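Undergrad: Enclosed is the structure file run.cif (mmCIF, C-alpha atoms).
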data_protein
loop_
_atom_site.label_atom_id
_atom_site.label_comp_id
_atom_site.auth_asym_id
_atom_site.auth_seq_id
_atom_site.Cartn_x
_atom_site.Cartn_y
_atom_site.Cartn_z
CA MET A 1 -141.44 -85.08 -40.83
CA VAL A 2 -138.02 -86.07 -39.49
CA GLU A 3 -139.44 -89.32 -38.07
CA SER A 4 -141.09 -90.22 -41.37
CA LYS A 5 -137.82 -89.66 -43.25
CA ALA A 6 -135.93 -91.83 -40.74
CA LYS A 7 -138.49 -94.60 -41.02
CA GLU A 8 -138.45 -94.29 -44.81
CA ALA A 9 -134.66 -94.77 -44.75
CA LEU A 10 -135.05 -97.73 -42.42
CA ASP A 11 -137.61 -99.36 -44.72
CA LYS A 12 -135.18 -98.93 -47.61
CA PHE A 13 -132.29 -100.48 -45.66
CA THR A 14 -134.51 -103.35 -44.51
CA ALA A 15 -135.70 -104.15 -48.04
CA GLU A 16 -132.14 -104.09 -49.36
CA SER A 17 -130.92 -106.34 -46.53
CA LYS A 18 -133.17 -109.15 -47.77
CA THR A 19 -131.00 -109.44 -50.89
CA TRP A 20 -127.76 -109.97 -48.95
CA ASN A 21 -125.73 -113.16 -48.96
CA LEU A 22 -122.27 -114.06 -47.68
CA GLN A 23 -120.93 -115.06 -51.08
CA GLN A 24 -120.96 -111.49 -52.44
CA ASN A 25 -118.94 -108.92 -50.49
CA PRO A 26 -120.02 -109.65 -46.90
CA GLN A 27 -117.94 -106.70 -45.65
CA ASN A 28 -120.22 -104.36 -47.58
CA ALA A 29 -123.27 -105.96 -45.94
CA LEU A 30 -121.51 -105.64 -42.57
CA ALA A 31 -121.05 -101.89 -43.12
CA LYS A 32 -124.68 -101.53 -44.18
CA SER A 33 -125.80 -103.44 -41.08
CA ARG A 34 -124.11 -100.73 -39.02
CA LEU A 35 -126.21 -98.16 -40.88
CA ILE A 36 -129.30 -100.09 -39.79
CA PHE A 37 -128.14 -100.01 -36.15
CA ALA A 38 -127.57 -96.25 -36.36
CA THR A 39 -130.99 -95.73 -37.93
CA TRP A 40 -132.65 -97.82 -35.20
CA ASP A 41 -131.11 -95.46 -32.67
CA THR A 42 -132.29 -92.42 -34.62
CA VAL A 43 -135.86 -93.71 -34.90
CA GLY A 44 -135.84 -94.74 -31.25
CA TRP A 45 -134.65 -91.33 -30.10
CA LEU A 46 -137.34 -89.58 -32.13
CA LEU A 47 -139.96 -91.84 -30.54
CA TYR A 48 -138.51 -91.11 -27.09
CA ARG A 49 -138.87 -87.38 -27.66
CA GLN A 50 -142.55 -88.02 -28.45
CA GLY A 51 -142.96 -89.77 -25.11
CA LYS A 52 -143.29 -93.24 -26.67
CA ILE A 53 -140.89 -94.81 -24.19
CA ALA A 54 -141.61 -98.52 -24.70
CA GLU A 55 -141.44 -98.29 -28.49
CA ALA A 56 -138.31 -96.16 -28.29
CA GLU A 57 -136.61 -98.63 -25.97
CA SER A 58 -137.19 -101.51 -28.41
CA TYR A 59 -135.26 -99.68 -31.13
CA ILE A 60 -132.52 -98.17 -28.99
CA GLN A 61 -131.85 -101.34 -26.99
CA SER A 62 -131.37 -103.32 -30.21
CA ALA A 63 -129.03 -100.62 -31.52
CA TRP A 64 -127.06 -100.77 -28.25
CA LEU A 65 -126.75 -104.57 -28.24
CA ASN A 66 -125.42 -104.44 -31.80
CA ARG A 67 -123.29 -101.32 -31.51
CA GLN A 68 -121.83 -100.23 -28.18
CA ASP A 69 -121.60 -96.55 -29.03
CA ALA A 70 -121.44 -93.73 -26.49
CA GLU A 71 -124.42 -91.83 -27.89
CA VAL A 72 -126.59 -94.97 -27.98
CA GLY A 73 -125.55 -95.80 -24.40
CA GLU A 74 -126.51 -92.29 -23.31
CA HIS A 75 -129.91 -92.74 -24.95
CA MET A 76 -130.36 -95.98 -22.97
CA ALA A 77 -129.55 -94.03 -19.81
CA GLU A 78 -132.17 -91.40 -20.67
CA ILE A 79 -134.78 -94.13 -21.12
CA ALA A 80 -133.82 -95.69 -17.78
CA GLU A 81 -134.23 -92.30 -16.08
CA ALA A 82 -137.60 -91.78 -17.78
CA LYS A 83 -138.67 -95.11 -16.29
CA GLY A 84 -137.50 -93.97 -12.85
CA ASN A 85 -134.47 -96.29 -12.67
CA SER A 86 -131.51 -94.05 -11.81
CA ASP A 87 -129.31 -97.03 -10.84
CA GLU A 88 -129.68 -98.50 -14.33
CA ALA A 89 -129.17 -95.06 -15.88
CA LEU A 90 -125.86 -94.67 -14.06
CA ARG A 91 -124.71 -98.06 -15.31
CA PHE A 92 -125.53 -97.18 -18.91
CA LEU A 93 -123.68 -93.87 -18.59
CA GLU A 94 -120.59 -95.62 -17.26
CA LEU A 95 -120.77 -98.18 -20.07
CA ALA A 96 -121.18 -95.38 -22.62
CA LEU A 97 -118.10 -93.63 -21.21
CA ALA A 98 -116.14 -96.90 -21.32
CA THR A 99 -116.65 -97.12 -25.11
CA TYR A 100 -113.99 -94.43 -25.42
CA PRO A 101 -110.30 -95.41 -25.16
CA ASN A 102 -108.54 -93.57 -22.34
CA TYR A 103 -105.16 -93.43 -23.99
CA GLN A 104 -104.03 -92.04 -27.34
CA ARG A 105 -100.91 -94.17 -27.05
CA PRO A 106 -99.19 -95.90 -24.10
CA GLY A 107 -98.70 -93.39 -21.32
CA VAL A 108 -100.48 -90.54 -23.15
CA ARG A 109 -104.09 -89.87 -22.13
CA LYS A 110 -106.54 -88.69 -24.78
CA THR A 111 -108.16 -85.28 -24.37
CA PRO A 112 -111.82 -85.90 -23.43
CA SER A 113 -114.33 -85.16 -26.20
CA VAL A 114 -117.43 -83.02 -25.72
CA ILE A 115 -119.66 -86.08 -25.29
CA GLN A 116 -117.20 -87.62 -22.79
CA LYS A 117 -117.43 -84.44 -20.70
CA GLU A 118 -121.24 -84.53 -20.93
CA LEU A 119 -121.31 -88.16 -19.82
CA THR A 120 -119.00 -87.43 -16.89
CA GLU A 121 -121.15 -84.48 -15.79
CA HIS A 122 -124.29 -86.63 -16.01
CA ILE A 123 -122.61 -89.39 -13.98
CA ASP A 124 -121.51 -86.89 -11.31
CA ALA A 125 -125.03 -85.44 -11.12
CA LEU A 126 -126.55 -88.88 -10.54
CA ARG A 127 -123.94 -89.73 -7.91
CA LYS A 128 -124.82 -86.56 -6.01
CA THR A 129 -128.43 -87.76 -5.75
CA GLY A 130 -127.22 -90.89 -3.95
CA THR A 131 -127.71 -93.21 -6.90
CA ARG A 132 -126.19 -96.60 -6.17
CA GLU A 133 -122.83 -97.22 -7.81
CA PRO A 134 -122.88 -100.13 -10.28
CA SER A 135 -120.70 -103.10 -9.45
CA GLY A 136 -118.22 -104.69 -11.82
CA ASN A 137 -115.77 -103.38 -14.38
CA ALA A 138 -117.37 -101.41 -17.23
CA ASP A 139 -114.95 -102.73 -19.88
CA GLU A 140 -115.71 -106.32 -18.89
CA ALA A 141 -119.44 -105.56 -18.91
CA LEU A 142 -119.19 -104.24 -22.48
CA LEU A 143 -117.45 -107.44 -23.55
CA GLN A 144 -120.13 -109.55 -21.87
CA LEU A 145 -122.81 -107.77 -23.90
CA ARG A 146 -121.22 -109.30 -27.00
CA THR A 147 -120.42 -112.72 -25.53
CA ILE A 148 -122.69 -115.75 -25.88
CA SER A 149 -121.94 -118.97 -24.04
CA LEU A 150 -122.09 -122.11 -26.19
CA GLY A 151 -121.54 -124.53 -23.32
CA ASP A 152 -119.05 -127.34 -22.91
CA ALA A 153 -116.14 -127.35 -25.37
CA GLY A 154 -116.28 -131.11 -25.80
CA GLY A 155 -112.52 -131.39 -25.47
CA PHE A 156 -111.79 -128.91 -28.25
CA THR A 157 -109.66 -125.77 -27.92
CA GLY A 158 -108.98 -123.01 -30.42
CA THR A 159 -110.42 -119.90 -32.01
CA ALA A 160 -111.95 -119.18 -35.40
CA GLU A 161 -113.60 -116.16 -37.00
CA TYR A 162 -116.90 -116.33 -38.88
CA SER A 163 -119.24 -114.07 -40.79
CA LEU A 164 -122.92 -114.63 -39.92
CA LEU A 165 -126.05 -113.78 -41.90
CA LEU A 166 -128.90 -113.36 -39.41
CA SER A 167 -132.65 -112.98 -39.77
CA ASN A 168 -135.42 -112.93 -37.16
CA GLY A 169 -133.10 -114.29 -34.50
CA GLU A 170 -131.90 -117.19 -36.65
CA VAL A 171 -128.60 -117.92 -38.40
CA LEU A 172 -129.25 -118.19 -42.14
CA ASP A 173 -125.66 -118.73 -43.25
CA ILE A 174 -122.14 -118.99 -41.84
CA GLN A 175 -118.91 -118.33 -43.69
CA LYS A 176 -115.44 -118.90 -42.29
CA ILE A 177 -113.16 -115.84 -42.27
CA SER A 178 -110.06 -117.26 -40.58
CA ASP A 179 -107.93 -120.09 -41.91
CA LYS A 180 -108.74 -122.24 -38.87
CA GLU A 181 -112.06 -123.81 -37.94
CA VAL A 182 -113.17 -125.37 -34.65
CA PRO A 183 -114.77 -128.84 -35.10
CA GLY A 184 -118.56 -128.65 -34.78
CA ALA A 185 -118.50 -124.83 -34.75
CA ARG A 186 -121.18 -124.34 -37.37
CA GLU A 187 -123.68 -126.60 -35.59
CA ARG A 188 -123.03 -124.82 -32.29
CA ILE A 189 -123.45 -121.35 -33.81
CA LYS A 190 -126.59 -122.34 -35.74
CA GLY A 191 -128.22 -123.25 -32.43
CA VAL A 192 -127.87 -119.71 -31.03
CA LYS A 193 -131.00 -117.54 -30.85
CA PHE A 194 -130.14 -113.88 -31.52
CA THR A 195 -133.66 -112.48 -31.02
CA ALA A 196 -132.54 -109.56 -28.79
CA LEU A 197 -130.62 -108.02 -31.70
CA TRP A 198 -133.81 -106.75 -33.42
CA PRO A 199 -136.47 -104.26 -32.37
CA LYS A 200 -140.00 -105.56 -32.25
CA GLY A 201 -141.39 -106.24 -35.72
CA SER A 202 -138.15 -105.68 -37.64
CA GLU A 203 -137.64 -107.87 -40.71
CA ALA A 204 -134.11 -106.68 -41.46
CA GLN A 205 -131.38 -109.18 -42.16
CA LEU A 206 -128.07 -108.46 -40.46
CA VAL A 207 -124.47 -109.43 -41.02
CA ARG A 208 -122.24 -109.75 -37.97
CA ASN A 209 -118.70 -111.03 -37.61
CA ALA A 210 -117.92 -113.17 -34.58
CA ILE A 211 -115.06 -115.09 -33.00
CA LEU A 212 -115.64 -118.56 -31.61
CA ASN A 213 -113.29 -119.16 -28.69
CA CYS A 214 -113.09 -122.60 -27.07
CA HIS A 215 -110.92 -122.61 -23.94
CA THR A 216 -110.72 -124.08 -20.43
CA GLY A 217 -113.58 -126.47 -21.16
CA ILE A 218 -116.08 -123.97 -22.57
CA CYS A 219 -116.90 -122.35 -25.92
CA GLU A 220 -117.96 -118.72 -26.31
CA LEU A 221 -119.08 -116.76 -29.33
CA VAL A 222 -117.95 -113.13 -29.19
CA LEU A 223 -119.64 -110.72 -31.61
CA GLU A 224 -117.17 -108.20 -32.99
CA PRO A 225 -117.92 -104.48 -32.40
#
Once more with this new file: its structure as structure tokens, please.
TA:
Amino acid sequence: MVESKAKEALDKFTAESKTWNLQQNPQNALAKSRLIFATWDTVGWLLYRQGKIAEAESYIQSAWLNRQDAEVGEHMAEIAEAKGNSDEALRFLELALATYPNYQRPGVRKTPSVIQKELTEHIDALRKTGTREPSGNADEALLQLRTISLGDAGGFTGTAEYSLLLSNGEVLDIQKISDKEVPGARERIKGVKFTALWPKGSEAQLVRNAILNCHTGICELVLEP
């Protein structure tokens, strides 16, 4: 019953997404895209609880790649454990924990939330089993999840912000948000394949904002959280 309602909501969001364009209130479509990500996680978690691990992972992984949220990261860790990969589970837990800011303001640490405490306890439990510690900084790893290399900068430097309408891994439309624009940016971005952002079989269109950053000889596209 709960699963059917979640899938019914997802079908509704998907159908509506096919009417979106970047000329009419792209920020509204951006907010609704986040609802799709959250619903993918919900559907995936329901499938996981039914033991449908592969199908669940398709939904939850896409939600995670689009929305680095602590609860979604914890769900990825649970899937990794179900597959017998405790090393990967520990990494997802540390990434999930890193989605929370440590400080309320400079010099003042935030009081850990309930889910932060749960994540820390889960991490400690895995460490006690001898699970291998992940290498690399968790904050940097979160940023890398949203960063796509576009290759050589071709002599250009600068940054520009864009709104992207995406469908089935392809860029349907690009609209500039910032005043500046990097020469050749649209052609570079249109060549990116975003296929990992959707679960298998999804026909939803998505709106994502991204910053193109060309520096030190390379260009990178960074999807905004």
Undergrad: Under the rule that all atoms listed in the file are counted, which of A:Gly169, A:Leu145, A:Ala9, A:Leu90 is the nearest residue to A:Lys200?
TA: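 So, comparing all the options, the nearest one is A:Gly169.
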Undergrad: List the spatial neighbours of stretch 118-124 of chain A as a list in words - criterion: any atom at most 8 Å away, all atoms listed in the file, same-chain residues fewer than 2 positions off excluded.
TA: Glu74, Leu90, Leu93, Glu94, Ala96, Leu97, Val114, Ile115, Gln116, Leu126, Arg127 and Lys128 of chain A
Undergrad: Which residues of stretch 147-223 of chain A come within 12 Å of stretch 22-34 of chain A, and what is each one's closest atom pair and distance in Å (one decimal), counting only C-alpha atoms, sorted by chain and residue number, as a Markdown table?
TA:
| residue | atom | partner | partner_atom | distance |
| --- | --- | --- | --- | --- |
| A:Tyr162 | CA | A:Leu22 | CA | 10.6 |
| A:Ser163 | CA | A:Leu22 | CA | 7.5 |
| A:Leu164 | CA | A:Leu22 | CA | 7.8 |
| A:Leu165 | CA | A:Leu22 | CA | 6.9 |
| A:Leu166 | CA | A:Ser33 | CA | 10.5 |
| A:Ser167 | CA | A:Ser33 | CA | 11.8 |
| A:Val171 | CA | A:Leu22 | CA | 11.9 |
| A:Leu172 | CA | A:Leu22 | CA | 9.8 |
| A:Asp173 | CA | A:Leu22 | CA | 7.3 |
| A:Ile174 | CA | A:Leu22 | CA | 7.6 |
| A:Gln175 | CA | A:Leu22 | CA | 6.7 |
| A:Lys176 | CA | A:Leu22 | CA | 10.0 |
| A:Ile177 | CA | A:Pro26 | CA | 10.3 |
| A:Leu197 | CA | A:Ser33 | CA | 11.5 |
| A:Trp198 | CA | A:Ser33 | CA | 11.6 |
| A:Ala204 | CA | A:Ser33 | CA | 8.9 |
| A:Gln205 | CA | A:Ser33 | CA | 8.1 |
| A:Leu206 | CA | A:Ser33 | CA | 5.5 |
| A:Val207 | CA | A:Leu30 | CA | 5.1 |
| A:Arg208 | CA | A:Leu30 | CA | 6.2 |
| A:Asn209 | CA | A:Leu30 | CA | 7.8 |
| A:Ala210 | CA | A:Leu30 | CA | 11.6 |
Undergrad: Ranking A:Pro101, A:Gly191, A:Pro183, A:Pro112 by minimum distance to A:Gly155 and counting only C-alpha atoms, which one comes first?
TA: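 When distances to A:Gly155 are compared using only C-alpha atoms, the smallest one comes from A:Pro183.
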Undergrad: If we count all atoms listed in the file and set the cut-off at 9 Å, which residues sit around A:Val43, ignoring sequence neighbours fewer than 4 positions away in its own chain? Please answer as a list in words.
TA: Glu3, Ala6, Lys7, Leu10, Ala38, Thr39, Leu47, Tyr48, Ala56, Tyr59 and Ile60 of chain A
Undergrad: What does the distance from atom CA of A:Asn66 to atom CA of A:Ala160 come to in Å, to one decimal?
TA: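 These atoms are spaced 20.3 Å apart.
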Undergrad: Distance atom CA of A:Arg67-atom CA of A:Ile189, one decimal place?
TA: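 The value is 20.2 Å.
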Undergrad: When you draw a straight line from atom CA of A:Asp69 to atom CA of A:Tyr100, how long is it in Å?
TA: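 Interatomic distance here is 8.7 Å.
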Undergrad: Between A:Cys214, A:Gly154, A:Lys190, A:Arg132, which one has atoms that come closest to A:Asp87, using all atoms listed in the file?
TA: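 For A:Asp87, the nearest of the candidates is A:Arg132.
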Undergrad: Which residues are close to A:Leu142, i.e. within 9 Å by only C-alpha atoms, leaving aside same-chain residues fewer than 3 positions away? Reply as a ChimeraX atom specification.
TA: /A:68,95,98-99,137-139,145-146
Undergrad: The PyMOL selection byres ((chain A and resi 72) around 10) - which residues does that actually catch in the file I just gave you? List them as JSON, numbers by chain.
TA: {"A": [37, 38, 40, 41, 42, 44, 45, 60, 61, 62, 63, 64, 65, 67, 68, 69, 70, 71, 73, 74, 75, 76, 77, 78, 92, 93, 96]}
Undergrad: Would you write out those residues with C-alpha atoms, as a short mmCIF file (atom, residue, chain, number, x, y, z; two decimals), keeping the file's coordinate frame?
TA:
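So result_24.cif came out as:
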data_model
loop_
_atom_site.label_atom_id
_atom_site.label_comp_id
_atom_site.auth_asym_id
_atom_site.auth_seq_id
_atom_site.Cartn_x
_atom_site.Cartn_y
_atom_site.Cartn_z
CA PHE A 37 -128.14 -100.01 -36.15
CA ALA A 38 -127.57 -96.25 -36.36
CA TRP A 40 -132.65 -97.82 -35.20
CA ASP A 41 -131.11 -95.46 -32.67
CA THR A 42 -132.29 -92.42 -34.62
CA GLY A 44 -135.84 -94.74 -31.25
CA TRP A 45 -134.65 -91.33 -30.10
CA ILE A 60 -132.52 -98.17 -28.99
CA GLN A 61 -131.85 -101.34 -26.99
CA SER A 62 -131.37 -103.32 -30.21
CA ALA A 63 -129.03 -100.62 -31.52
CA TRP A 64 -127.06 -100.77 -28.25
CA LEU A 65 -126.75 -104.57 -28.24
CA ARG A 67 -123.29 -101.32 -31.51
CA GLN A 68 -121.83 -100.23 -28.18
CA ASP A 69 -121.60 -96.55 -29.03
CA ALA A 70 -121.44 -93.73 -26.49
CA GLU A 71 -124.42 -91.83 -27.89
CA GLY A 73 -125.55 -95.80 -24.40
CA GLU A 74 -126.51 -92.29 -23.31
CA HIS A 75 -129.91 -92.74 -24.95
CA MET A 76 -130.36 -95.98 -22.97
CA ALA A 77 -129.55 -94.03 -19.81
CA GLU A 78 -132.17 -91.40 -20.67
CA PHE A 92 -125.53 -97.18 -18.91
CA LEU A 93 -123.68 -93.87 -18.59
CA ALA A 96 -121.18 -95.38 -22.62
#
Undergrad: Given the choices A:Gly151, A:Glu170, A:Ser135, A:Gly158, which gets closest to A:Ala196 if the distance is worked out from all atoms listed in the file?
TA: A:Glu170
Undergrad: Which residue, A:Leu150, A:Leu35, A:Ala54, A:Ala89, has the smallest gap to A:Val222 when you use all atoms listed in the file?
TA: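 Closest residue, counting all atoms listed in the file: A:Leu150.
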Undergrad: Nearest to A:Arg186: which of A:Asp11, A:Glu161, A:Glu133, A:Glu140 is it, counting all atoms listed in the file?
TA: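 Closest to A:Arg186, using all atoms listed in the file: A:Glu161.
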